[in-house]
$ cat upload.cif   # mmCIF, C-alpha atoms
data_my_file
loop_
_atom_site.label_atom_id
_atom_site.label_comp_id
_atom_site.auth_asym_id
_atom_site.auth_seq_id
_atom_site.Cartn_x
_atom_site.Cartn_y
_atom_site.Cartn_z
CA MET A 1 -71.28 -46.69 110.23
CA LEU A 2 -68.78 -44.01 109.19
CA PRO A 3 -70.23 -40.55 108.34
CA GLU A 4 -70.14 -39.40 104.68
CA PRO A 5 -67.02 -37.31 103.90
CA PRO A 6 -67.86 -33.61 103.34
CA ARG A 7 -68.67 -32.62 99.74
CA ASN A 8 -66.03 -30.04 98.81
CA GLY A 9 -64.74 -31.21 95.43
CA GLU A 10 -64.98 -27.70 93.97
CA TYR A 11 -62.07 -26.59 96.16
CA LEU A 12 -60.01 -29.54 94.94
CA VAL A 13 -60.71 -28.61 91.30
CA ALA A 14 -59.90 -24.93 91.95
CA ALA A 15 -56.56 -25.80 93.60
CA TYR A 16 -55.53 -28.21 90.83
CA VAL A 17 -56.48 -25.69 88.11
CA VAL A 18 -54.58 -22.83 89.81
CA ALA A 19 -51.45 -24.95 90.39
CA THR A 20 -51.52 -26.17 86.78
CA LEU A 21 -51.90 -22.63 85.44
CA ILE A 22 -48.95 -21.38 87.54
CA LEU A 23 -46.59 -24.23 86.66
CA VAL A 24 -47.52 -24.55 82.97
CA GLY A 25 -47.50 -20.74 82.69
CA TYR A 26 -44.03 -20.61 84.22
CA TRP A 27 -42.76 -23.28 81.81
CA MET A 28 -44.25 -21.38 78.83
CA ARG A 29 -42.60 -18.14 79.99
CA LEU A 30 -39.23 -19.92 80.09
CA TRP A 31 -39.82 -21.46 76.67
CA GLN A 32 -40.79 -18.10 75.13
CA LYS A 33 -37.76 -16.44 76.72
CA ALA A 34 -35.51 -19.20 75.34
CA ARG A 35 -36.92 -18.61 71.85
CA ARG A 36 -36.32 -14.87 72.21
CA VAL A 37 -32.78 -15.20 73.60
CA PHE A 38 -31.61 -17.68 70.99
CA ALA A 39 -33.45 -16.00 68.13
CA ALA A 40 -31.28 -12.91 68.70
CA ASP A 41 -28.26 -15.09 68.07
CA MET B 42 -22.85 -8.03 67.46
CA ASN B 43 -24.09 -11.34 68.88
CA ALA B 44 -22.13 -14.02 70.72
CA SER B 45 -20.97 -16.70 68.33
CA ASN B 46 -23.03 -19.85 67.96
CA ALA B 47 -20.20 -21.97 69.36
CA ALA B 48 -19.88 -19.81 72.49
CA LEU B 49 -23.62 -20.04 73.12
CA GLU B 50 -23.80 -23.80 72.59
CA PRO B 51 -23.34 -24.86 76.27
CA ALA B 52 -26.08 -22.42 77.34
CA ARG B 53 -28.38 -23.60 74.54
CA ARG B 54 -27.81 -27.24 75.54
CA LEU B 55 -28.58 -26.45 79.19
CA VAL B 56 -31.79 -24.63 78.26
CA ARG B 57 -32.90 -27.46 75.96
CA ARG B 58 -32.28 -30.06 78.69
CA GLY B 59 -33.92 -27.91 81.34
CA LEU B 60 -37.04 -27.37 79.24
CA THR B 61 -37.25 -31.09 78.45
CA LEU B 62 -36.79 -32.06 82.10
CA SER B 63 -39.42 -29.60 83.29
CA LEU B 64 -41.80 -30.75 80.54
CA LEU B 65 -41.33 -34.30 81.85
CA GLY B 66 -42.09 -32.90 85.29
CA LEU B 67 -45.36 -31.42 83.98
CA VAL B 68 -46.30 -34.79 82.46
CA GLY B 69 -45.47 -36.32 85.85
CA LEU B 70 -47.74 -33.75 87.46
CA ALA B 71 -50.61 -34.97 85.27
CA GLY B 72 -49.76 -38.47 86.53
CA VAL B 73 -49.94 -37.23 90.13
CA TYR B 74 -53.44 -35.82 89.42
CA VAL B 75 -54.59 -39.22 88.08
CA LEU B 76 -53.03 -41.02 91.04
CA ALA B 77 -54.45 -38.60 93.61
CA LEU B 78 -57.95 -38.50 92.12
CA GLY B 79 -58.35 -42.11 90.98
CA PHE B 80 -56.13 -44.29 93.12
CA THR B 81 -55.82 -42.61 96.53
CA PRO B 82 -58.58 -42.96 99.16
CA ILE B 83 -60.73 -40.01 100.21
CA GLU B 84 -59.96 -38.84 103.73
CA ALA B 85 -63.07 -39.32 105.90
CA ARG B 86 -63.11 -35.98 107.77
CA GLN B 87 -61.78 -33.58 105.11
CA GLY B 88 -63.31 -35.12 101.99
CA LEU B 89 -61.92 -34.38 98.52
CA ALA B 90 -60.32 -31.10 99.68
CA GLN B 91 -57.67 -33.18 101.50
CA LYS B 92 -56.25 -34.15 98.08
CA ILE B 93 -55.04 -30.53 97.68
CA PHE B 94 -52.35 -31.65 100.10
CA TYR B 95 -50.64 -33.69 97.29
CA LEU B 96 -49.84 -30.38 95.56
CA HIS B 97 -49.52 -28.00 98.47
CA VAL B 98 -46.97 -29.98 100.52
CA PRO B 99 -44.59 -30.82 97.61
CA ALA B 100 -44.84 -27.19 96.37
CA ALA B 101 -43.88 -26.03 99.88
CA TRP B 102 -41.01 -28.55 99.92
CA SER B 103 -39.72 -27.31 96.54
CA ALA B 104 -40.00 -23.65 97.56
CA LEU B 105 -38.14 -24.20 100.84
CA LEU B 106 -35.52 -26.33 99.07
CA ALA B 107 -35.08 -23.61 96.43
CA PHE B 108 -34.71 -20.82 98.99
CA SER B 109 -32.34 -22.85 101.18
CA LEU B 110 -30.12 -23.47 98.16
CA VAL B 111 -30.23 -19.74 97.29
CA GLY B 112 -28.83 -19.06 100.78
CA LEU B 113 -26.14 -21.74 100.54
CA ALA B 114 -25.06 -20.62 97.05
CA SER B 115 -25.02 -17.01 98.30
CA ILE B 116 -22.73 -17.86 101.24
CA LEU B 117 -20.41 -19.71 98.86
CA TYR B 118 -20.54 -16.79 96.42
CA LEU B 119 -19.46 -14.28 99.08
CA TRP B 120 -16.56 -16.60 99.91
CA LEU B 121 -15.45 -17.77 96.45
CA ARG B 122 -16.77 -14.97 94.17
CA ASP B 123 -17.63 -17.52 91.49
CA PRO B 124 -20.30 -16.07 89.14
CA ARG B 125 -21.74 -19.56 88.59
CA LEU B 126 -22.89 -19.56 92.22
CA ASP B 127 -24.62 -16.21 91.78
CA ARG B 128 -26.29 -17.44 88.60
CA PHE B 129 -27.47 -20.60 90.38
CA ALA B 130 -28.81 -18.58 93.32
CA ALA B 131 -30.81 -16.34 90.98
CA ALA B 132 -32.18 -19.33 89.03
CA SER B 133 -33.15 -21.10 92.25
CA ALA B 134 -34.84 -17.96 93.65
CA ASN B 135 -36.86 -17.63 90.47
CA ALA B 136 -38.10 -21.22 90.64
CA GLY B 137 -38.72 -20.83 94.39
CA VAL B 138 -41.03 -17.88 93.78
CA ALA B 139 -43.07 -19.96 91.30
CA PHE B 140 -43.40 -22.84 93.80
CA SER B 141 -44.26 -20.38 96.59
CA ALA B 142 -47.06 -19.04 94.39
CA VAL B 143 -48.45 -22.60 94.17
CA MET B 144 -48.06 -23.06 97.93
CA LEU B 145 -49.68 -19.72 98.79
CA THR B 146 -52.67 -20.24 96.49
CA THR B 147 -53.42 -23.92 97.16
CA GLY B 148 -53.09 -23.39 100.95
CA PRO B 149 -55.98 -20.92 101.27
CA ILE B 150 -58.12 -22.97 98.85
CA TRP B 151 -57.67 -25.93 101.23
CA ALA B 152 -58.13 -23.77 104.33
CA LYS B 153 -61.53 -22.37 103.32
CA PRO B 154 -63.51 -25.65 103.54
CA ILE B 155 -61.40 -27.07 106.40
CA TRP B 156 -60.80 -24.05 108.67
CA GLY B 157 -63.73 -21.95 107.45
CA THR B 158 -61.43 -19.08 106.43
CA TRP B 159 -59.10 -18.42 103.49
CA TRP B 160 -56.32 -16.96 105.62
CA THR B 161 -55.26 -16.47 109.20
CA TRP B 162 -52.29 -14.43 110.40
CA ASP B 163 -50.65 -17.22 112.35
CA ALA B 164 -46.91 -17.77 112.50
CA ARG B 165 -46.55 -20.39 109.72
CA LEU B 166 -48.68 -18.56 107.17
CA THR B 167 -47.32 -15.10 107.95
CA LEU B 168 -43.67 -16.21 107.82
CA THR B 169 -44.30 -18.02 104.54
CA LEU B 170 -45.85 -14.90 103.03
CA PHE B 171 -42.85 -12.85 104.25
CA LEU B 172 -40.48 -15.37 102.67
CA PHE B 173 -42.32 -15.10 99.34
CA LEU B 174 -42.26 -11.27 99.45
CA LEU B 175 -38.59 -11.28 100.45
CA PHE B 176 -37.67 -13.31 97.37
CA VAL B 177 -39.88 -11.19 95.12
CA GLY B 178 -37.78 -8.30 96.50
CA TYR B 179 -34.63 -10.32 95.81
CA LEU B 180 -35.62 -10.64 92.13
CA ALA B 181 -36.57 -6.93 91.96
CA LEU B 182 -33.18 -6.03 93.43
CA ARG B 183 -31.42 -8.12 90.80
CA ALA B 184 -33.37 -6.38 88.05
CA ALA B 185 -32.56 -2.94 89.47
CA VAL B 186 -28.76 -3.25 89.91
CA HIS B 187 -26.84 -3.35 86.64
CA ASP B 188 -23.25 -3.83 87.80
CA PRO B 189 -22.84 -7.65 87.91
CA SER B 190 -20.54 -7.84 90.94
CA GLU B 191 -22.61 -5.34 92.98
CA ARG B 192 -25.79 -7.15 91.99
CA ALA B 193 -24.32 -10.49 93.06
CA ARG B 194 -23.06 -9.12 96.42
CA PHE B 195 -26.29 -7.30 97.34
CA SER B 196 -28.54 -10.16 96.35
CA ALA B 197 -26.32 -12.70 98.15
CA VAL B 198 -26.94 -10.85 101.42
CA VAL B 199 -30.73 -10.87 100.82
CA GLY B 200 -30.58 -14.55 99.81
CA ILE B 201 -28.80 -15.47 103.06
CA LEU B 202 -31.38 -13.54 105.12
CA GLY B 203 -34.15 -15.36 103.28
CA MET B 204 -32.56 -18.74 103.98
CA LEU B 205 -32.50 -17.93 107.71
CA LEU B 206 -36.33 -17.81 107.66
CA VAL B 207 -36.62 -21.39 106.35
CA PRO B 208 -35.93 -23.29 109.64
CA PHE B 209 -38.29 -20.93 111.49
CA ILE B 210 -41.03 -21.72 108.98
CA HIS B 211 -40.49 -25.47 109.36
CA LEU B 212 -40.40 -25.27 113.18
CA SER B 213 -43.11 -22.58 113.52
CA VAL B 214 -45.81 -25.21 114.12
CA TYR B 215 -43.88 -26.37 117.20
CA LEU B 216 -42.75 -22.93 118.40
CA PHE B 217 -46.07 -21.06 118.18
CA ARG B 218 -49.77 -21.76 118.62
CA THR B 219 -50.94 -22.22 115.05
CA LEU B 220 -53.86 -23.58 113.07
CA HIS B 221 -51.50 -25.11 110.50
CA PRO B 222 -51.19 -28.92 110.70
CA GLN B 223 -47.96 -30.38 112.13
CA PRO B 224 -45.49 -32.07 109.75
CA ILE B 225 -46.58 -35.57 108.79
CA VAL B 226 -43.55 -36.66 106.73
CA LEU B 227 -40.54 -34.49 107.62
CA LYS B 228 -40.56 -35.13 111.37
CA PRO B 229 -38.42 -37.16 113.81
CA SER B 230 -40.85 -40.14 113.97
CA ALA B 231 -42.14 -42.22 111.03
CA PRO B 232 -44.60 -40.56 108.57
CA SER B 233 -48.19 -40.75 109.90
CA LEU B 234 -50.10 -41.48 106.69
CA PRO B 235 -51.80 -44.58 105.24
CA PRO B 236 -49.50 -46.27 102.66
CA GLU B 237 -51.56 -45.26 99.56
CA MET B 238 -51.56 -41.61 100.62
CA LEU B 239 -47.86 -41.71 101.45
CA ARG B 240 -47.11 -43.27 98.03
CA THR B 241 -48.97 -40.49 96.18
CA LEU B 242 -47.29 -37.83 98.30
CA LEU B 243 -43.79 -39.26 97.73
CA ILE B 244 -44.38 -39.49 93.96
CA SER B 245 -45.54 -35.88 94.00
CA PHE B 246 -42.40 -34.88 95.95
CA THR B 247 -40.30 -36.54 93.21
CA VAL B 248 -42.25 -34.78 90.43
CA PHE B 249 -41.86 -31.38 92.08
CA THR B 250 -38.13 -31.98 92.58
CA VAL B 251 -37.80 -32.83 88.85
CA LEU B 252 -39.71 -29.62 88.03
CA TYR B 253 -37.38 -27.65 90.30
CA LEU B 254 -34.28 -29.09 88.60
CA GLY B 255 -35.70 -28.43 85.13
CA PHE B 256 -36.69 -24.84 85.95
CA VAL B 257 -33.29 -24.07 87.53
CA MET B 258 -31.36 -25.57 84.60
CA THR B 259 -33.41 -23.58 82.08
CA ARG B 260 -33.14 -20.30 83.98
CA TYR B 261 -29.40 -20.82 84.57
CA GLY B 262 -28.83 -21.48 80.85
CA LEU B 263 -30.85 -18.41 79.86
CA MET B 264 -28.86 -16.18 82.22
CA LEU B 265 -25.60 -17.60 80.88
CA ALA B 266 -26.69 -16.96 77.29
CA GLU B 267 -27.74 -13.38 78.09
CA GLU B 268 -24.41 -12.70 79.83
CA LEU B 269 -22.46 -14.06 76.84
CA GLN B 270 -24.52 -11.95 74.44
CA GLU B 271 -23.95 -8.86 76.59
CA GLU B 272 -20.18 -9.50 76.73
CA ALA B 273 -20.11 -9.87 72.94
CA ARG B 274 -22.04 -6.59 72.54
CA ASP B 275 -19.63 -4.78 74.91
CA ALA B 276 -16.61 -6.17 73.07
CA ALA B 277 -17.96 -4.99 69.70
#
$ encode --input "upload.cif" --output "structure tokens"
Amino acid sequence: MLPEPPRNGEYLVAAYVVATLILVGYWMRLWQKARRVFAAD
Amino acid sequence: MNASNAALEPARRLVRRGLTLSLLGLVGLAGVYVLALGFTPIEARQGLAQKIFYLHVPAAWSALLAFSLVGLASILYLWLRDPRLDRFAAASANAGVAFSAVMLTTGPIWAKPIWGTWWTWDARLTLTLFLFLLFVGYLALRAAVHDPSERARFSAVVGILGMLLVPFIHLSVYLFRTLHPQPIVLKPSAPSLPPEMLRTLLISFTVFTVLYLGFVMTRYGLMLAEELQEEARDAA
């Protein structure tokens, strides 16, 4: 019988949350900058 | 005085398309999460932490792609002196730094349960950190130099030096003794992954490439708009 895989789901959650925050945060920065740049127009 | 609406229209269109494309990429990223968590088997030895790989590897791919293209655009800029190449290089470096941040944070989070340590100063990790810091420096240099042609020339040289690190990073697992796993997809022989895992990884590669294209388009359009506005201000 195969051994149980290690229980380390908290690291998976942490990595997915961090990656999401970085990429969504980057997109929001671009969006806010776009609003600022074109609002000056 | 501001640049006229008509003059800014191409930049505005580029930014709108870039934001839409990258938003689609973010939706795709949510799809990758569902696929990775719900429809991809759990690796027996590493457990759920192995699924970090579906973000970490594509983020590394996008970062290395971005920095390689910075170098290529920089070489072409020094040859042709076309400001579009400089703008592209800057946009690509910016996106590359964001992807490197994902790579450098998800890597240690995976390493802790698998290696028992967050970080080790081996060749692959150290070179990757240097590459990230080099491109942070590249962006700082661009912010510090105000003359456009000087800025483009100086940053092109840094961009080319950064690109030269990329093959060393890819080959570092062969050249040095390292804890980092060997390539499993980008290698001379066929990818060594079960089909379901390979499918999720390839979809994630596609999503990250879409995100890269969207980010670069948006950043390029924003730089173009700012340059046009500055020219209009100078002309006034």
$ residues_around --input "upload.cif" --residues "region 105-119 of chain B" --least-positions-apart "4" --cutoff "6 Å" --atoms "all atoms listed in the file" --output "PDB file with C-alpha atoms, in the coordinates of the input"
ATOM      1  CA  ASP B 123     -17.630 -17.520  91.490  1.00  0.00           C
ATOM      2  CA  LEU B 126     -22.890 -19.560  92.220  1.00  0.00           C
ATOM      3  CA  ALA B 130     -28.810 -18.580  93.320  1.00  0.00           C
ATOM      4  CA  SER B 133     -33.150 -21.100  92.250  1.00  0.00           C
ATOM      5  CA  GLY B 137     -38.720 -20.830  94.390  1.00  0.00           C
ATOM      6  CA  ALA B 197     -26.320 -12.700  98.150  1.00  0.00           C
ATOM      7  CA  GLY B 200     -30.580 -14.550  99.810  1.00  0.00           C
ATOM      8  CA  ILE B 201     -28.800 -15.470 103.060  1.00  0.00           C
ATOM      9  CA  MET B 204     -32.560 -18.740 103.980  1.00  0.00           C
TER      10      MET B 204
END
$ resolve_selection --input "upload.cif" --expression "the PyMOL selection byres ((chain A) within 8 of (chain B))" --output "number ranges by chain"
A: 3-9, 11-12, 14-16, 18-19, 22-24, 26-27, 30-31, 33-34, 37-38, 40-41
$ axis_aligned_box --input "upload.cif" --around "region 31-37 of chain A" --padding-each-side "5 Å" --output "lines of an AutoDock Vina configuration file"
center_x = -36.8
center_y = -18.2
center_z = 74.3
size_x = 18.0
size_y = 16.6
size_z = 14.9
$ closest_residue --input "upload.cif" --among "A:Glu10, A:Met28, A:Thr20, A:Arg35" --to "Val68 (chain B)" --atoms "all atoms listed in the file"
A:Thr20
$ atom_distance --input "upload.cif" --atom1 "CA of Ser190 (chain B)" --atom2 "CA of Met258 (chain B)"
21.7 Å
$ atom_distance --input "upload.cif" --atom1 "CA of Leu202 (chain B)" --atom2 "CA of Leu175 (chain B)"
8.9 Å
$ atom_distance --input "upload.cif" --atom1 "CA of Ala104 (chain B)" --atom2 "CA of Gln32 (chain A)"
23.1 Å
$ closest_residue --input "upload.cif" --among "B:Ser103, B:Ser213, B:Thr250, B:Ser233" --to "Ala134 (chain B)" --atoms "all atoms listed in the file"
B:Ser103
$ residues_near_point --input "upload.cif" --point "(-43.3, -39.1, 99.9)" --cutoff "12 Å" --atoms "only C-alpha atoms" --output "MDAnalysis selection string"
chainID B and resid 73 94:96 98:99 102 225:227 231:250
$ resolve_selection --input "upload.cif" --expression "the PyMOL selection byres ((chain B and resi 223) around 6)" --output "list in words"
Val214, Pro222 and Pro224 of chain B
$ write_last_selection --input "upload.cif" --atoms "C-alpha atoms" --output "PDB file, in the coordinates of the input"
ATOM      1  CA  VAL B 214     -45.810 -25.210 114.120  1.00  0.00           C
ATOM      2  CA  PRO B 222     -51.190 -28.920 110.700  1.00  0.00           C
ATOM      3  CA  PRO B 224     -45.490 -32.070 109.750  1.00  0.00           C
TER       4      PRO B 224
END
$ decode --input "upload.cif" --residues "region 97-149 of chain B" --atoms "C-alpha atoms" --output "PDB file, in the first residue's frame"
ATOM      1  CA  HIS B  97       6.200  28.781  -9.687  1.00  0.00           C
ATOM      2  CA  VAL B  98       7.408  27.224 -12.963  1.00  0.00           C
ATOM      3  CA  PRO B  99       5.221  29.343 -15.316  1.00  0.00           C
ATOM      4  CA  ALA B 100       6.137  32.494 -13.317  1.00  0.00           C
ATOM      5  CA  ALA B 101       9.819  31.596 -13.776  1.00  0.00           C
ATOM      6  CA  TRP B 102       9.199  30.989 -17.492  1.00  0.00           C
ATOM      7  CA  SER B 103       7.490  34.394 -17.885  1.00  0.00           C
ATOM      8  CA  ALA B 104      10.226  36.197 -15.944  1.00  0.00           C
ATOM      9  CA  LEU B 105      13.024  34.619 -17.987  1.00  0.00           C
ATOM     10  CA  LEU B 106      11.110  35.261 -21.226  1.00  0.00           C
ATOM     11  CA  ALA B 107      10.578  38.902 -20.201  1.00  0.00           C
ATOM     12  CA  PHE B 108      14.238  39.457 -19.308  1.00  0.00           C
ATOM     13  CA  SER B 109      15.488  37.702 -22.462  1.00  0.00           C
ATOM     14  CA  LEU B 110      13.292  39.979 -24.564  1.00  0.00           C
ATOM     15  CA  VAL B 111      14.593  43.035 -22.661  1.00  0.00           C
ATOM     16  CA  GLY B 112      18.104  41.993 -23.728  1.00  0.00           C
ATOM     17  CA  LEU B 113      17.139  41.371 -27.353  1.00  0.00           C
ATOM     18  CA  ALA B 114      15.220  44.661 -27.608  1.00  0.00           C
ATOM     19  CA  SER B 115      18.192  46.439 -25.987  1.00  0.00           C
ATOM     20  CA  ILE B 116      20.662  45.018 -28.538  1.00  0.00           C
ATOM     21  CA  LEU B 117      18.338  46.103 -31.345  1.00  0.00           C
ATOM     22  CA  TYR B 118      17.930  49.526 -29.732  1.00  0.00           C
ATOM     23  CA  LEU B 119      21.694  50.117 -29.607  1.00  0.00           C
ATOM     24  CA  TRP B 120      21.834  49.192 -33.300  1.00  0.00           C
ATOM     25  CA  LEU B 121      18.706  50.898 -34.674  1.00  0.00           C
ATOM     26  CA  ARG B 122      18.068  53.662 -32.070  1.00  0.00           C
ATOM     27  CA  ASP B 123      14.319  53.143 -32.410  1.00  0.00           C
ATOM     28  CA  PRO B 124      12.551  54.469 -29.257  1.00  0.00           C
ATOM     29  CA  ARG B 125       9.855  51.798 -29.629  1.00  0.00           C
ATOM     30  CA  LEU B 126      12.474  49.161 -28.787  1.00  0.00           C
ATOM     31  CA  ASP B 127      13.507  51.045 -25.653  1.00  0.00           C
ATOM     32  CA  ARG B 128       9.867  51.408 -24.623  1.00  0.00           C
ATOM     33  CA  PHE B 129       9.279  47.683 -25.176  1.00  0.00           C
ATOM     34  CA  ALA B 130      12.401  46.785 -23.171  1.00  0.00           C
ATOM     35  CA  ALA B 131      11.237  48.921 -20.241  1.00  0.00           C
ATOM     36  CA  ALA B 132       7.710  47.459 -20.369  1.00  0.00           C
ATOM     37  CA  SER B 133       9.078  43.909 -20.505  1.00  0.00           C
ATOM     38  CA  ALA B 134      11.482  44.562 -17.595  1.00  0.00           C
ATOM     39  CA  ASN B 135       8.605  45.872 -15.513  1.00  0.00           C
ATOM     40  CA  ALA B 136       6.477  42.784 -16.139  1.00  0.00           C
ATOM     41  CA  GLY B 137       9.536  40.564 -15.587  1.00  0.00           C
ATOM     42  CA  VAL B 138      10.073  42.032 -12.124  1.00  0.00           C
ATOM     43  CA  ALA B 139       6.446  41.243 -11.205  1.00  0.00           C
ATOM     44  CA  PHE B 140       6.803  37.622 -12.400  1.00  0.00           C
ATOM     45  CA  SER B 141      10.154  37.315 -10.596  1.00  0.00           C
ATOM     46  CA  ALA B 142       8.417  38.415  -7.399  1.00  0.00           C
ATOM     47  CA  VAL B 143       5.957  35.520  -7.859  1.00  0.00           C
ATOM     48  CA  MET B 144       8.817  33.109  -8.598  1.00  0.00           C
ATOM     49  CA  LEU B 145      10.914  34.256  -5.624  1.00  0.00           C
ATOM     50  CA  THR B 146       8.040  34.057  -3.142  1.00  0.00           C
ATOM     51  CA  THR B 147       6.388  30.804  -4.260  1.00  0.00           C
ATOM     52  CA  GLY B 148       9.790  29.048  -4.481  1.00  0.00           C
ATOM     53  CA  PRO B 149      10.666  29.386  -0.781  1.00  0.00           C
TER      54      PRO B 149
END
